[in-house]
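Engineer: Just passing along the structure, written as structure tokens.
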Amino acid sequence: YNAYMLFYERVGVERERESFAVRSGRIRVDVPPPILKDVWTENSLFLRDKLIYATAYFDFVKNVVSLGLEQSPPQGLGDVLKLCVSFLMDTLIHSWELTQVEAWVQAAQIMLPKDALGLERSKWLLKAFMLDAPSGEGSLQMVVSCHWLREGLLHQRDCDAREHITRLLLHAVSNIIQMEPQGCNNHTHPPMPQSHMSMPAGDDHLHEPYLSIYHDQPLLTDFPYSRAYPGGFDPALDPPNDYLPFPRASTVVGEFIDRVLGLLPDLPPHWRHFSHYFLLLSGISRMGTSEKAFLLTRRTVSRCIDVMLQDESPLRHSHKKFFRMGDKLTQPHYGHLAELIADLVCSSEPVCESASDDDEDPAYLPSPVQQESAGMLDEACVTFVRLKKFFLRLLQEEVNPRATQQLGIHLCWRNERISSMVISVACEVVEDANEEDYQALFELLSVLTQMRDGLEQFRAVKFVSGFVAAIVENIGYPDLSTRCLQFLSTMCIQHELVREHVVKTITNPQLHRQASAWYDRCLTDAPQPVKIATEHLAVRAIAFNPPPPRGVPDGLTHALLGSMLSSLERFLHFILAPMQSPRGQSSFRLASYLRVITSILTESGGGPSVFSELLSQHSGYLVEVLDSVNEQRLEIDHNRFETVRLLLAASQHTPSVLDALCTANECMLTHHITVKSNSRAYITYNRLAMQPFLKLLHLCCEHSSDFLEAWVQHENCMWAIQQFCLNHMRCHMEIAHQLMQLSAYCLSTEAPGGGASDCPIRIFRARLLEAACDTMGHNPEACMLPLHTALQPPTRVDVAKAARDTLSDIVELMSTPVDTSLPPGAADIRNNTLMALHTVVVEGVGLGLTADIQKALRQSKQRPAMTKQIFRCLEMPRNNPAALRHAIQALELIQTLMRLDKACSAVCCEEIVDSYADEHCQLMSLADARHAWLETSGDDEAEGGNVMELWPELRGEQNDKTDRLWFALSCEVASEVVEGSSELREQGTAVRLVFSVAIDVLPSGGDALVAAVRLVGNVMGMEASWKDAVGKDEYAKAWVERLLMCYKKRLSEEGVKDTVVKVATVVAAQQWTSRDVKSVTETVLADLVEAAERVGDASNEDEALEELYVSSLPLSVICRVPVLKSSIKLQDQGGETEKRVLEAVASIHGGDSGMKDKIEELLKDYASSMQRK
């Protein structure tokens, strides 16, 4: 649409009024003819365009084309195609209805079939796109080459429209290539003879006339690069167009490609749209080797790169002007250009610089991306494609990563110089690239590094050198550095050569000045994310290959560890000074470095002992490091924490480190610790840091008795117990338990008799008891754990006195129910109280404090509540060793309380009935159970009832499930403790519990006997544990008596016979005298004599013999005879039974003389009866 503004010169109204002709109140003025002509010309053009771009006209042309497709014969479709394409290129692409372009292109493709007619139409189409057209008028009129090609691919603003037009052209080219036979598969004429390449006569003064013609396009000449495919003067052409820079095209496709390439100098102003121009060339290149060869003869690679680089091109001096391509928001799309160059380069033979004499060497193989050869690259193309600026542009702008990767592989194959250039450029781009661009760069570097062409070592060196320099440059940007370190870790895992050279950069930093000490810097001076990534790199990628847990240390691991230990000595004094911050907290400078060394030690396949020799060389200095860090006196110091972890890892299998620690024990005894219960930061740090420190302290105590004595005498020992175990136990429950385990070990080293009065261990026990008793008044819950520790093992009178003095307070504390709303520390306090109560009561009975304990229990009104809380301990989930130990202690404590106190026994009855009445059996009512208990006890003040009489009342006259369940629970928990615990004392407690329960249960069932013996078998090899559990227990004699007295009833049951023999053998192994089982032995002998007398009188002699044999079994084991090895099965045949009885009785030996005499006399009587029989 056009608008005109007219300007008039104002004229006075009164002057020459009469000269104006006034009609209808308006003044008429004649318009000058030139202006009127221009106006009507513009109006006519406007009206024409309005009609041309009208929807009705579009529909009309569409209907005409559709009618032609339907009704025209095949020979007439050529005119329809011309109408269709002419309307498309002259009208439709200039309108706003660009959505219709796809439909018109599809219609045109239908009229280009793969036949002879389609071939002719395709040729017409390409020629039509090559035609020139005038532009402008008058003196401004000029000829525009390839008018439709420019309009469709360069001037068209719509991307989809350019896509459809490109598809149409590629369809036509494909038709021609497939339908028209090529001469020797080439689009060019044979090379012209030399005479045709010379200049015409009379032009001798112009030695190279084409230089003046193509002075702004040097790539069309031999200067500065000689052409591999030169042209010349062609007599078939008319001057001045008779000179061709390249061999003349012999096909329409060749001519079309030449015309397309001729538009290259005009591309920069159309940088927003030229992507489809290169898509067209790339599509033609992919159609076959002939097309690639033709493009190679035209120096397509170098000419395209020259356009891309512009002012950075080597031929920039020949350009008349430069057009800046791209702006702040948009960059040119070079993806198809890169695809075209990669396709052509990979179709040429690579220029290799490495040499090898072995024909089977991998270097002689083609590159992994090598395509069918289309010829050699021209000198200019080789020069341009190897330009560093070209690759830098490709990588910086992330141009088609796939094509860039293929191009790099092909050019780097067997070529050191190009490999060095490409890897250096990639690493240089990494320094300045954004994080989202890293993926393509990393893929390129990974592919180049793993190429197997004989240059693996060279590329690994170049890659590591350049990449660590990039990491150093980006160390101030945590996200970028972290990504780079993660990629380097992957490369070390995948490529052993990369791992090897990375270790060299660490161990020999002088080899790489640009990245000197990069590893130390990443671990000490970098942001925390970078440190974490470097730790992963060191431990998971560098130190072990493959990574842990399958990885094992090798020479590189030792080299890395040795270098880190040496570097620690070298730069420690530089970083200790500025470590302290204003808040008294460390700056983590050493933490990551030390953590890497610790991880290497702990995650090695053979443990730290693999590095024992290396650690021995630096053991003294490692202790100095701890001493130096301690001198900083920082309250929250992660450097100190990691130093302790390192020493702990090194000490576990390296005695020299323990020697150094125990010799210079001041750094351990004066270890700086700050306790602030009102600060979450301090509580968290102490929970983290105290665990390895106490483990290391424990190792030192085990290693050196002098260090142990120094520790228990040092003021910090009791200070730590006071702070962590007594004053602030709720905040440091884990630390308190670990500290008490250390204290228990120290106390266990005390001499059996208690030692001299000045013994450090004895003094330490007294101080611990004193501290616990002093805390009992104002904080009883906190002193339970130290009290339990101090009372074990109870061996002296002063310990027994402490047990009596603290029992009432322990009962009061144990009777308080656990508040489930409190944190988990409340349950820990109850467990500690349970342990202390178990120690005082159960161990106190063994010390002879039974009367004192009974008196203290009767004086406390809380003992029923205490007993109920003990039963609550059995309800804890037994899914960990600690809970199992507490359940064992609760069960054994319940058994002991039932024997000591009536009120506790009554509560036990209630709890047992409540626990099992509904689920397992029909029990008597609670009132009947209590009444039966009181009747058995007699006086209300009696010292508890007889447990053996209590169980039948609970069981009922015809039901014994309650005691079986109770015993099964005891055996289940005890068996798990025996199998899973390595501490002899815990095993002894478990076994003793089962024995005490078995005393009450054995008369009622054989299952209890079998279960008890099975548990005994698990600890038969642990002599110390067995003696601790049974040998000194007051229930041992009763248990043996009960076991042997039930032999009549149990030996007839399957499996019990062998069980009794095994138990009796274990009893004999403990060297119990005949006096201990005198009554049992006499009973057995009496039964044996009676059985022998019944042999002659019985009507069934086989049954009498069997009874005699059964009676002889307990006698044989009591007299310490070997167990019969064969499995004895009684039979009713007299001869076999007689043989078995004779073997059993004849095997008796040992024992006292009275037993021998009785046995011999019995044997004689038995032999006489057999003779009479």
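By convention here, the chains of the structure tokens are called A, B, ... in the order presented, each chain's residues are numbered starting at 1, and ligands are numbered starting at 1 in the order presented.
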Excluding Ala664 (chain A) and its own-chain neighbours fewer than 3 positions away, which residues fall within 10 Å of it when counting only C-alpha atoms? Please give them as a ChimeraX atom specification.

Structural biologist: /A:620,623-624,627,658-661,667-669,707

Engineer: Which residues, written as number ranges by chain, have at least one atom at most 10 Å from region 307-311 of chain A, with only C-alpha atoms counted and residues fewer than 5 positions away on the same chain left out?

Structural biologist: A: 264-268, 271, 302, 316-317, 319, 321-325, 332, 334, 337, 384, 389-390, 393

Engineer: If we count only C-alpha atoms and set the cut-off at 8 Å, which residues sit around region 686-698 of chain A, ignoring sequence neighbours fewer than 3 positions away in its own chain? Please answer as a ChimeraX atom specification.

Structural biologist: /A:641,644-645,647-648,651,668,673,675,682-683,701-702,732,734-735,738-739,742

Engineer: Would you save the residues from that selection as a short mmCIF file (atom, residue, chain, number, x, y, z; two decimals), in the first residue's frame, using all heavy atoms?

Structural biologist:
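again-v1.cif was written with the following content:
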data_model
loop_
_atom_site.label_atom_id
_atom_site.label_comp_id
_atom_site.auth_asym_id
_atom_site.auth_seq_id
_atom_site.Cartn_x
_atom_site.Cartn_y
_atom_site.Cartn_z
N PHE A 641 40.65 -34.04 62.39
CA PHE A 641 39.82 -35.24 62.26
C PHE A 641 40.35 -36.17 61.17
O PHE A 641 40.47 -37.39 61.37
CB PHE A 641 38.38 -34.82 61.98
CG PHE A 641 37.51 -35.91 61.42
CD1 PHE A 641 37.26 -37.06 62.15
CD2 PHE A 641 36.95 -35.80 60.17
CE1 PHE A 641 36.46 -38.07 61.64
CE2 PHE A 641 36.17 -36.79 59.64
CZ PHE A 641 35.91 -37.93 60.38
N VAL A 644 43.60 -37.92 62.18
CA VAL A 644 43.37 -39.08 63.06
C VAL A 644 42.89 -40.27 62.25
O VAL A 644 43.32 -41.42 62.48
CB VAL A 644 42.35 -38.69 64.15
CG1 VAL A 644 41.94 -39.93 64.95
CG2 VAL A 644 42.93 -37.65 65.08
N ARG A 645 41.99 -40.05 61.29
CA ARG A 645 41.53 -41.14 60.44
C ARG A 645 42.70 -41.76 59.67
O ARG A 645 42.77 -42.99 59.50
CB ARG A 645 40.47 -40.65 59.46
CG ARG A 645 39.13 -40.36 60.09
CD ARG A 645 38.08 -40.02 59.04
NE ARG A 645 37.80 -41.18 58.21
CZ ARG A 645 38.01 -41.22 56.90
NH1 ARG A 645 38.52 -40.17 56.28
NH2 ARG A 645 37.72 -42.31 56.21
N LEU A 647 45.89 -41.80 60.56
CA LEU A 647 46.72 -42.57 61.50
C LEU A 647 46.03 -43.87 61.90
O LEU A 647 46.69 -44.89 62.08
CB LEU A 647 47.01 -41.72 62.74
CG LEU A 647 48.00 -40.56 62.53
CD1 LEU A 647 48.02 -39.65 63.74
CD2 LEU A 647 49.40 -41.11 62.26
N LEU A 648 44.71 -43.84 62.02
CA LEU A 648 43.98 -45.06 62.36
C LEU A 648 44.11 -46.09 61.24
O LEU A 648 44.37 -47.27 61.50
CB LEU A 648 42.51 -44.73 62.61
CG LEU A 648 41.58 -45.91 62.89
CD1 LEU A 648 42.01 -46.63 64.16
CD2 LEU A 648 40.13 -45.44 62.99
N SER A 651 47.63 -47.40 61.24
CA SER A 651 48.03 -48.13 62.45
C SER A 651 47.49 -49.54 62.50
O SER A 651 48.05 -50.40 63.19
CB SER A 651 47.56 -47.36 63.69
OG SER A 651 48.14 -46.09 63.74
N MET A 668 48.61 -37.72 71.52
CA MET A 668 47.36 -38.45 71.72
C MET A 668 46.72 -38.10 73.05
O MET A 668 45.49 -37.92 73.14
CB MET A 668 47.63 -39.96 71.67
CG MET A 668 48.01 -40.49 70.30
SD MET A 668 46.65 -40.39 69.12
CE MET A 668 45.50 -41.55 69.85
N ILE A 673 39.96 -31.22 72.37
CA ILE A 673 38.53 -31.50 72.23
C ILE A 673 37.76 -30.43 72.99
O ILE A 673 38.15 -30.06 74.09
CB ILE A 673 38.17 -32.90 72.78
CG1 ILE A 673 38.97 -33.98 72.04
CG2 ILE A 673 36.68 -33.17 72.65
CD1 ILE A 673 38.84 -35.34 72.67
N VAL A 675 33.81 -29.47 74.31
CA VAL A 675 32.47 -29.99 74.55
C VAL A 675 31.54 -28.82 74.85
O VAL A 675 31.76 -28.09 75.83
CB VAL A 675 32.44 -31.00 75.70
CG1 VAL A 675 31.02 -31.52 75.92
CG2 VAL A 675 33.39 -32.14 75.42
N TYR A 682 29.02 -28.19 67.48
CA TYR A 682 30.02 -28.90 68.28
C TYR A 682 29.61 -30.34 68.54
O TYR A 682 30.44 -31.25 68.53
CB TYR A 682 30.24 -28.17 69.60
CG TYR A 682 31.10 -26.92 69.48
CD1 TYR A 682 30.54 -25.72 69.08
CD2 TYR A 682 32.46 -26.97 69.73
CE1 TYR A 682 31.32 -24.57 68.95
CE2 TYR A 682 33.26 -25.83 69.61
CZ TYR A 682 32.68 -24.64 69.21
OH TYR A 682 33.45 -23.52 69.06
N ILE A 683 28.32 -30.56 68.78
CA ILE A 683 27.85 -31.93 69.02
C ILE A 683 28.05 -32.78 67.76
O ILE A 683 28.54 -33.92 67.84
CB ILE A 683 26.36 -31.91 69.44
CG1 ILE A 683 26.21 -31.23 70.81
CG2 ILE A 683 25.79 -33.32 69.47
CD1 ILE A 683 24.76 -31.04 71.23
N CYS A 701 46.47 -48.49 73.25
CA CYS A 701 46.43 -49.18 74.55
C CYS A 701 46.70 -50.67 74.40
O CYS A 701 47.36 -51.28 75.25
CB CYS A 701 45.07 -48.94 75.22
SG CYS A 701 44.81 -47.24 75.77
N GLU A 702 46.19 -51.27 73.34
CA GLU A 702 46.46 -52.69 73.09
C GLU A 702 47.91 -52.91 72.69
O GLU A 702 48.50 -53.96 73.00
CB GLU A 702 45.54 -53.20 71.98
CG GLU A 702 44.08 -53.28 72.37
CD GLU A 702 43.22 -53.77 71.22
OE1 GLU A 702 43.74 -53.82 70.08
OE2 GLU A 702 42.04 -54.10 71.45
N HIS A 732 25.88 -37.28 73.69
CA HIS A 732 27.00 -38.03 73.13
C HIS A 732 26.90 -39.49 73.54
O HIS A 732 27.84 -40.07 74.09
CB HIS A 732 28.33 -37.45 73.63
CG HIS A 732 28.48 -35.98 73.38
ND1 HIS A 732 28.12 -35.03 74.31
CD2 HIS A 732 28.93 -35.29 72.29
CE1 HIS A 732 28.37 -33.82 73.83
NE2 HIS A 732 28.85 -33.95 72.60
N GLU A 734 26.75 -42.29 71.72
CA GLU A 734 27.68 -43.18 71.03
C GLU A 734 29.10 -43.03 71.55
O GLU A 734 29.83 -44.01 71.74
CB GLU A 734 27.65 -42.92 69.52
CG GLU A 734 26.30 -43.14 68.86
CD GLU A 734 25.41 -41.92 68.96
OE1 GLU A 734 25.84 -40.93 69.61
OE2 GLU A 734 24.30 -41.95 68.40
N ILE A 735 29.49 -41.79 71.78
CA ILE A 735 30.84 -41.55 72.31
C ILE A 735 30.97 -42.17 73.70
O ILE A 735 32.01 -42.75 74.04
CB ILE A 735 31.13 -40.04 72.34
CG1 ILE A 735 31.02 -39.45 70.95
CG2 ILE A 735 32.50 -39.75 72.94
CD1 ILE A 735 31.19 -37.95 70.89
N GLN A 738 31.50 -45.92 73.42
CA GLN A 738 32.84 -46.23 72.92
C GLN A 738 33.91 -45.94 73.96
O GLN A 738 34.87 -46.72 74.13
CB GLN A 738 33.10 -45.42 71.65
CG GLN A 738 34.29 -45.92 70.84
CD GLN A 738 34.41 -45.22 69.51
OE1 GLN A 738 33.62 -44.34 69.19
NE2 GLN A 738 35.41 -45.59 68.73
N LEU A 739 33.73 -44.87 74.70
CA LEU A 739 34.69 -44.53 75.75
C LEU A 739 34.65 -45.55 76.87
O LEU A 739 35.69 -45.92 77.44
CB LEU A 739 34.39 -43.13 76.27
CG LEU A 739 35.43 -42.48 77.19
CD1 LEU A 739 36.78 -42.43 76.51
CD2 LEU A 739 34.98 -41.08 77.60
N LEU A 742 36.54 -48.68 75.84
CA LEU A 742 37.98 -48.48 76.06
C LEU A 742 38.32 -48.62 77.53
O LEU A 742 39.32 -49.27 77.89
CB LEU A 742 38.38 -47.10 75.54
CG LEU A 742 39.83 -46.67 75.80
CD1 LEU A 742 40.80 -47.63 75.14
CD2 LEU A 742 40.05 -45.24 75.31
#

Engineer: Which one is closest to Met111 (chain A): A:His171, A:Arg804, A:Lys127, A:His155? Count only C-alpha atoms.

Structural biologist: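 Ranking A:His171, A:Arg804, A:Lys127, A:His155 by distance to Met111 (chain A), first place goes to A:His171.
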
Engineer: Which one is closest to Tyr685 (chain A): A:His638, A:Leu149, A:Ala650, A:Pro218? Count only C-alpha atoms.

Structural biologist: A:His638

Engineer: What is the CA of Ala827 (chain A) to CA of Leu768 (chain A) distance in Å?

Structural biologist: 23.4 Å

Engineer: Do you know which residues are at most 8 Å from Glu500 (chain A) counting only C-alpha atoms, after dropping those on the same chain fewer than 4 positions away, and could you put them as a list in words?

Structural biologist: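 So, after excluding close chain neighbours, the residues are Glu496, Lys504 and Leu556 of chain A.
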
Engineer: Find the spatial neighbours of Arg858 (chain A), counting only C-alpha atoms, within a cut-off of 9 Å - ignore same-chain residues fewer than 5 positions away - and output them as a PyMOL selection string.

Structural biologist: chain A and resi 853+863+901+903

Engineer: Given the selection you just returned, output its residues as a file containing N, CA and C atoms, formatted as a CSV table (one decimal), in the first residue's frame.

Structural biologist:
chain,number,residue,atom,x,y,z
A,853,ILE,N,21.7,-58.2,98.5
A,853,ILE,CA,20.9,-57.8,97.4
A,853,ILE,C,19.4,-58.0,97.8
A,863,ARG,N,10.5,-52.3,93.3
A,863,ARG,CA,11.0,-53.5,92.6
A,863,ARG,C,9.9,-54.1,91.7
A,901,ASP,N,13.6,-62.7,95.3
A,901,ASP,CA,12.6,-61.9,95.9
A,901,ASP,C,11.2,-62.3,95.5
A,903,ALA,N,8.3,-60.6,95.6
A,903,ALA,CA,7.6,-59.6,94.9
A,903,ALA,C,8.0,-59.7,93.4
